[in-house]
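Raw contents of input.txt, compact mmCIF, C-alpha atoms:
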# COMPACT_ATOMS: atom_id res chain seq x y z
CA MET A 1 0.00 0.00 0.00
CA ILE A 2 2.89 2.34 0.80
CA PHE A 3 4.03 1.89 -2.82
CA LEU A 4 0.73 3.26 -4.10
CA TYR A 5 0.90 6.21 -1.69
CA SER A 6 4.45 6.97 -2.84
CA PHE A 7 3.30 6.85 -6.46
CA LEU A 8 0.34 9.13 -5.78
CA PHE A 9 2.26 11.68 -3.69
CA CYS A 10 5.14 12.07 -6.11
CA GLY A 11 2.73 12.06 -9.05
CA VAL A 12 0.55 14.79 -7.55
CA VAL A 13 3.58 17.01 -6.77
CA CYS A 14 4.78 16.62 -10.36
CA LEU A 15 1.25 17.30 -11.64
CA ILE A 16 1.14 20.57 -9.68
CA GLY A 17 4.53 21.47 -11.14
CA GLN A 18 3.31 20.74 -14.65
CA ILE A 19 0.14 22.81 -14.15
CA ILE A 20 2.28 25.76 -13.00
CA LEU A 21 4.61 25.30 -15.99
CA ASP A 22 1.74 25.17 -18.49
CA ASN A 23 -0.36 28.02 -17.19
CA THR A 24 2.21 30.64 -16.15
CA SER A 25 5.39 32.03 -17.68
CA PHE A 26 7.48 30.23 -15.04
CA THR A 27 10.53 28.29 -16.22
CA PRO A 28 11.56 24.93 -14.69
CA GLY A 29 14.05 26.91 -12.57
CA HIS A 30 11.21 28.96 -11.08
CA VAL A 31 9.17 25.84 -10.33
CA THR A 32 11.99 23.93 -8.61
CA SER A 33 12.95 27.00 -6.53
CA LEU A 34 9.32 27.52 -5.57
CA PHE A 35 8.97 23.87 -4.54
CA VAL A 36 12.10 23.99 -2.38
CA VAL A 37 10.75 27.03 -0.54
CA LEU A 38 7.41 25.25 -0.20
CA GLY A 39 9.19 22.22 1.28
CA THR A 40 10.97 24.33 3.93
CA PHE A 41 7.71 26.11 4.70
CA LEU A 42 5.79 22.84 5.18
CA ASP A 43 8.50 21.42 7.42
CA SER A 44 8.62 24.49 9.64
CA PHE A 45 5.29 23.18 11.02
CA GLY A 46 6.57 19.60 11.03
CA LEU A 47 3.98 18.79 8.36
CA TYR A 48 6.44 17.23 5.91
CA ASP A 49 7.53 14.71 8.55
CA LYS A 50 3.93 13.55 8.72
CA PHE A 51 3.85 13.22 4.93
CA ILE A 52 6.92 10.98 5.14
CA LYS A 53 5.24 8.84 7.78
CA TRP A 54 2.01 8.55 5.81
CA PHE A 55 3.23 8.24 2.23
CA GLY A 56 6.62 6.53 2.56
CA ALA A 57 9.86 7.21 0.76
CA GLY A 58 8.07 8.58 -2.31
CA THR A 59 7.90 11.88 -0.40
CA LEU A 60 11.70 12.05 -0.31
CA VAL A 61 11.99 12.01 -4.10
CA PRO A 62 10.47 15.39 -5.15
CA ILE A 63 12.62 18.50 -4.76
CA THR A 64 10.35 19.65 -1.91
CA SER A 65 12.12 17.11 0.31
CA PHE A 66 15.40 18.94 -0.36
CA GLY A 67 13.96 21.98 1.40
CA HIS A 68 12.57 19.76 4.13
CA SER A 69 16.00 18.18 4.77
CA LEU A 70 17.69 21.60 4.85
CA ILE A 71 15.48 23.01 7.59
CA HIS A 72 15.27 19.66 9.39
CA GLY A 73 19.06 19.42 9.70
CA ALA A 74 19.28 23.08 10.75
CA LEU A 75 16.63 22.73 13.47
CA ASP A 76 18.07 19.46 14.81
CA ALA A 77 21.47 21.12 15.19
CA ALA A 78 19.87 24.27 16.65
CA ASN A 79 18.25 22.18 19.39
CA GLU A 80 21.67 20.81 20.33
CA LYS A 81 23.99 23.78 19.93
CA GLY A 82 21.72 26.80 19.99
CA ILE A 83 21.46 29.43 17.29
CA LEU A 84 24.84 28.57 15.74
CA GLY A 85 23.49 25.14 14.90
CA LEU A 86 21.15 26.74 12.37
CA LEU A 87 24.22 27.58 10.31
CA GLY A 88 26.24 24.47 11.04
CA GLY A 89 23.55 21.87 10.58
CA MET A 90 21.92 23.20 7.43
CA PHE A 91 23.50 20.68 5.07
CA SER A 92 23.85 17.77 7.48
CA LEU A 93 21.04 15.75 5.88
CA THR A 94 21.24 16.92 2.26
CA SER A 95 25.00 16.74 1.85
CA ALA A 96 24.82 13.19 0.46
CA GLY A 97 22.58 14.34 -2.37
CA ILE A 98 24.48 17.54 -3.18
CA VAL A 99 27.90 15.90 -3.05
CA ALA A 100 26.66 12.99 -5.16
CA ALA A 101 25.28 15.38 -7.78
CA ILE A 102 28.54 17.38 -7.90
CA VAL A 103 30.93 14.41 -7.93
CA PHE A 104 28.99 12.19 -10.35
CA GLY A 105 28.26 15.16 -12.57
CA PHE A 106 31.91 16.17 -12.71
CA ILE A 107 33.31 12.69 -13.32
CA LEU A 108 30.73 11.91 -16.00
CA THR A 109 31.34 15.30 -17.65
CA ILE A 110 35.05 14.50 -17.87
CA ILE A 111 34.35 11.06 -19.37
CA PHE A 112 31.56 11.88 -21.84
CA LYS A 113 31.44 14.47 -24.60
CA ALA A 114 28.58 16.86 -25.28
CA LYS A 115 26.14 15.43 -27.81
CA ASN A 116 26.26 18.37 -30.22
CA MET B 1 4.52 43.35 -40.69
CA ASN B 2 3.48 44.70 -37.30
CA LYS B 3 3.90 42.85 -34.04
CA GLU B 4 0.29 41.80 -33.54
CA ARG B 5 -0.02 40.36 -37.02
CA TYR B 6 3.24 38.48 -36.46
CA LYS B 7 1.95 37.06 -33.19
CA GLU B 8 -1.27 35.93 -34.88
CA LEU B 9 0.64 34.15 -37.61
CA THR B 10 3.08 32.41 -35.28
CA ASN B 11 0.26 31.32 -33.00
CA LYS B 12 -1.31 29.49 -35.92
CA ILE B 13 1.89 27.62 -36.74
CA ILE B 14 3.06 26.76 -33.21
CA PRO B 15 1.21 23.60 -32.18
CA LYS B 16 -0.97 24.08 -29.10
CA GLU B 17 0.37 22.08 -26.18
CA ASP B 18 -2.15 19.68 -24.77
CA LYS B 19 -2.27 20.63 -21.09
CA VAL B 20 -4.28 17.59 -19.99
CA LYS B 21 -1.88 15.21 -21.71
CA ASN B 22 1.12 17.07 -20.26
CA GLY B 23 -0.39 16.88 -16.79
CA LEU B 24 -1.14 13.16 -17.04
CA THR B 25 2.35 12.39 -18.38
CA ALA B 26 3.94 14.38 -15.55
CA PHE B 27 1.70 12.61 -13.03
CA PHE B 28 2.55 9.10 -14.24
CA ILE B 29 6.27 9.63 -14.80
CA GLY B 30 6.65 11.51 -11.50
CA GLY B 31 4.63 8.84 -9.75
CA LEU B 32 6.82 6.12 -11.23
CA ILE B 33 9.95 7.87 -9.91
CA GLY B 34 8.35 8.08 -6.46
CA PHE B 35 7.39 4.40 -6.70
CA LEU B 36 10.96 3.55 -7.74
CA GLY B 37 12.30 5.48 -4.73
CA GLN B 38 10.03 3.58 -2.36
CA LEU B 39 10.98 0.29 -4.05
CA ILE B 40 14.72 0.94 -3.67
CA VAL B 41 14.26 1.81 0.02
CA PHE B 42 12.11 -1.30 0.53
CA VAL B 43 14.68 -3.60 -1.12
CA LEU B 44 17.58 -2.05 0.80
CA GLU B 45 15.71 -2.41 4.09
CA LYS B 46 14.38 -5.92 3.65
CA VAL B 47 17.08 -7.61 1.55
CA PHE B 48 20.27 -5.83 2.62
CA ASN B 49 19.16 -4.93 6.18
CA VAL B 50 20.16 -1.28 5.81
CA PRO B 51 18.67 1.08 8.46
CA TYR B 52 15.84 3.28 7.12
CA LYS B 53 17.76 6.61 7.34
CA ASP B 54 20.73 5.21 5.41
CA ALA B 55 18.44 3.49 2.92
CA THR B 56 16.79 6.82 2.01
CA SER B 57 20.19 8.47 1.50
CA ILE B 58 21.36 5.60 -0.71
CA MET B 59 18.10 5.81 -2.68
CA ILE B 60 18.64 9.55 -3.34
CA VAL B 61 22.25 8.88 -4.39
CA ILE B 62 21.15 6.08 -6.76
CA LEU B 63 18.53 8.30 -8.41
CA ILE B 64 21.04 11.15 -8.77
CA PHE B 65 23.63 8.80 -10.25
CA LEU B 66 21.17 7.41 -12.79
CA ALA B 67 19.98 10.90 -13.81
CA SER B 68 23.59 12.15 -14.18
CA LEU B 69 24.58 9.07 -16.17
CA PHE B 70 21.61 9.30 -18.54
CA THR B 71 22.26 13.04 -19.00
CA ALA B 72 25.92 12.39 -19.81
CA LEU B 73 24.94 9.63 -22.24
CA GLY B 74 22.76 12.20 -23.99
CA PHE B 75 19.25 10.75 -23.96
CA PHE B 76 17.91 12.29 -20.76
CA ASP B 77 17.21 15.63 -22.48
CA ASN B 78 14.70 13.92 -24.76
CA LEU B 79 13.03 12.23 -21.81
CA VAL B 80 12.80 15.54 -19.93
CA SER B 81 11.25 17.32 -22.91
CA LYS B 82 8.60 14.56 -23.08
CA ALA B 83 7.92 14.00 -19.37
CA LYS B 84 8.48 17.68 -18.40
CA ALA B 85 7.67 18.24 -14.71
CA GLY B 86 7.56 14.46 -14.18
CA LEU B 87 11.36 14.43 -14.33
CA ILE B 88 12.13 18.06 -13.41
CA VAL B 89 10.39 18.16 -10.03
CA PRO B 90 11.91 14.93 -8.59
CA ILE B 91 15.55 15.00 -7.49
CA THR B 92 16.46 13.66 -10.96
CA GLY B 93 15.83 17.17 -12.32
CA PHE B 94 18.40 18.59 -9.90
CA ALA B 95 21.07 16.14 -11.07
CA HIS B 96 20.07 16.62 -14.70
CA ALA B 97 20.36 20.41 -14.46
CA MET B 98 23.77 20.21 -12.86
CA THR B 99 25.28 17.62 -15.20
CA SER B 100 23.85 19.20 -18.35
CA SER B 101 25.18 22.67 -17.48
CA MET B 102 28.62 21.18 -16.83
CA ILE B 103 28.58 19.23 -20.11
CA ASP B 104 27.31 22.20 -22.11
CA TYR B 105 30.22 24.40 -21.00
CA LYS B 106 32.87 21.67 -21.10
CA LYS B 107 34.52 23.08 -24.21
CA GLU B 108 35.27 26.38 -22.42
CA GLY B 109 37.72 24.65 -20.10
CA LEU B 110 37.92 23.20 -16.64
CA ILE B 111 37.74 26.46 -14.64
CA THR B 112 35.85 29.00 -16.72
CA GLY B 113 33.68 26.31 -18.31
CA ILE B 114 32.82 23.45 -15.97
CA GLY B 115 33.78 25.17 -12.72
CA ALA B 116 32.03 28.47 -13.29
CA ASN B 117 28.85 27.00 -14.73
CA ALA B 118 28.32 23.91 -12.56
CA PHE B 119 25.72 25.69 -10.42
CA LYS B 120 24.27 27.81 -13.18
CA LEU B 121 20.84 26.14 -13.04
CA THR B 122 20.89 24.48 -9.62
CA GLY B 123 22.28 27.54 -7.85
CA SER B 124 18.84 29.08 -7.45
CA VAL B 125 17.50 25.89 -5.86
CA ILE B 126 20.32 25.84 -3.30
CA LEU B 127 20.19 29.60 -2.69
CA TYR B 128 16.45 29.85 -2.09
CA GLY B 129 16.42 26.56 -0.21
CA VAL B 130 19.10 27.73 2.22
CA VAL B 131 17.73 31.27 2.65
CA SER B 132 14.16 30.10 3.25
CA ALA B 133 15.32 27.28 5.56
CA TYR B 134 17.33 29.86 7.54
CA VAL B 135 14.44 32.32 7.81
CA PHE B 136 11.81 29.71 8.68
CA GLY B 137 14.33 28.00 10.97
CA ILE B 138 15.00 31.22 12.92
CA ILE B 139 11.27 31.89 13.25
CA ARG B 140 10.59 28.35 14.43
CA TYR B 141 13.58 28.37 16.80
CA LEU B 142 12.95 31.77 18.40
CA PHE B 143 9.17 31.77 18.58
CA PHE B 144 8.24 28.11 18.89
CA GLY B 145 11.32 26.76 20.66
CA GLY B 146 12.81 24.43 17.98
Serialized structure, structure tokens:
Amino acid sequence: MIFLYSFLFCGVVCLIGQIILDNTSFTPGHVTSLFVVLGTFLDSFGLYDKFIKWFGAGTLVPITSFGHSLIHGALDAANEKGILGLLGGMFSLTSAGIVAAIVFGFILTIIFKAKN
Amino acid sequence: MNKERYKELTNKIIPKEDKVKNGLTAFFIGGLIGFLGQLIVFVLEKVFNVPYKDATSIMIVILIFLASLFTALGFFDNLVSKAKAGLIVPITGFAHAMTSSMIDYKKEGLITGIGANAFKLTGSVILYGVVSAYVFGIIRYLFFGG
């Protein structure tokens, strides 16, 4: 059942993104930035954590979860170390994704040539 | 030819995008990616006995690796132009944007090409993510006690 919920959640988020893309002059860059901000906003009430509990790992796939992980790491560190933790813990949960994107992207760019 | 007449003529030639079809494609492709993410986490947890937190990180890394690889191989651009938001909104879009901007500027050299343009498209995601997380984080921390 959790598989279906993952499918539906991720599908609905992408559907919203597509509706914004089709009906406004927003570019994909606008949409992804908007969704990241939306993710941080939803997690500042702890709502995104509930989504993860209800809908499974499908909620971690859309870019909204990037925003959720940013604020989640920051707040976890802030609870331990005080206000400085907000700065220090920001990337603690998302670093795997960012570093993977940078390293894989760089290595693959060196190996492969541009198509045109 | 004035501007309005030109617009009229081009509007006739440019095919109208089918919004319903676009939406459904984005829904199904995006849903499939979400399903795949859940499947990877499930397999890692049940078969390889990886703890849930690590399994989700590995799942994100696998999806990013696949998206980067397919972008570098050259056929991910076609998929993105077909599936649109279905591949842009999931984390695959983040990896795709980063790898494609690096590959596009490869010919301008390691520093001024790849280095300077790596974050050209993903920079805004990171910037607004960090700024909004900081602002919302401060509000939550100061007014609601973490």
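Proximity ranking of B:Tyr141, B:Pro51, B:Leu9, B:Ile33 relative to Thr92 (chain B) places B:Ile33 first, based on all atoms listed in the file.
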Could you work out an axis-aligned box for region 137-144 of chain B, taking every atom the file lists and adding 5 Å on each side, and report centre and edge lengths in Å to one decimal, as JSON?
{"center_x": 11.6, "center_y": 29.9, "center_z": 14.9, "size_x": 16.8, "size_y": 13.9, "size_z": 17.9}
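Minimum distance to chain B across A:Phe26, A:Ala114, A:Met1, A:Ile107 (counting only C-alpha atoms) occurs at A:Ala114.
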Please identify all polymer residues within 9 Å of Val89 (chain B), counting only C-alpha atoms, omitting same-chain residues fewer than 4 positions from it, and present them as a ChimeraX atom specification.
/A:10,13-14,17-18,28,31-32,35,61-64 /B:30,84-85,93-94
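Every protein or nucleic acid residue with an atom no more than 12 Å from region 110-112 of chain A, counting all atoms listed in the file and leaving out same-chain residues fewer than 3 positions away, appears here: Val103, Phe104, Gly105, Phe106, Ile107, Lys115 and Asn116 of chain A; Ser68, Leu69, Phe70, Thr71, Ala72, Leu73, Gly74, Thr99, Ser100, Met102, Ile103, Asp104, Tyr105, Lys106, Lys107, Gly109, Leu110, Gly113, Ile114 and Gly115 of chain B.
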Give me the residues near Gln38 (chain B) as a VMD selection string, where near means some atom within 7 Å (using only C-alpha atoms) and where sequence neighbours in that chain fewer than 6 positions away do not count.
chain A and resid 3 6 56 to 58
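Using only C-alpha atoms, the nearest neighbour of Ala118 (chain B) within the list B:Ala55, B:Val80, B:Ala95, B:Leu32 is B:Ala95.
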When you draw a straight line from CA of Leu75 (chain A) to CA of Ile102 (chain A), how long is it in Å?
25.0 Å
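Taking all atoms listed in the file into account, Thr59 (chain A) lies nearest to B:Thr56 out of the set B:Asn117, B:Thr56, B:Thr122, B:Asn78.
Rounded to one decimal, CA of Lys81 (chain A) and CA of Val130 (chain B) lie 18.8 Å from each other.
Residues in contact with Val12 (chain A) at up to 10 Å, not including ones fewer than 6 positions away on its chain and judged by only C-alpha atoms, are Ser6 and Gln18 of chain A; Gly23, Leu24, Ala26, Phe27, Phe28, Gly30, Gly31 and Gly86 of chain B.
When CA of Leu87 (chain A) is paired with CA of Tyr134 (chain B), their separation reads 7.8 Å.
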Every residue with an atom at most 7 Å from (14.7, 28.7, -1.3) (file coordinates; only C-alpha atoms) is what I'm after, so could you write them as a ChimeraX atom specification?
/A:33-34,36-37 /B:125-132
As a ChimeraX atom specification, please: the residues near Ser65 (chain A) (cut-off 10 Å, all atoms listed in the file, same-chain neighbours under 6 positions excluded).
/A:35-36,38-40,42-43,48-49,52,58-59,71-72,94 /B:90-91
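Distance check against chain B using only C-alpha atoms: of A:Lys53, A:Leu70, A:Ser25, A:Leu84, the minimum falls on A:Leu70.
In terms of minimum interatomic distance to Ile98 (chain A), B:Met98 ranks closest within B:Leu79, B:Ile40, B:Val47, B:Met98, counting all atoms listed in the file.
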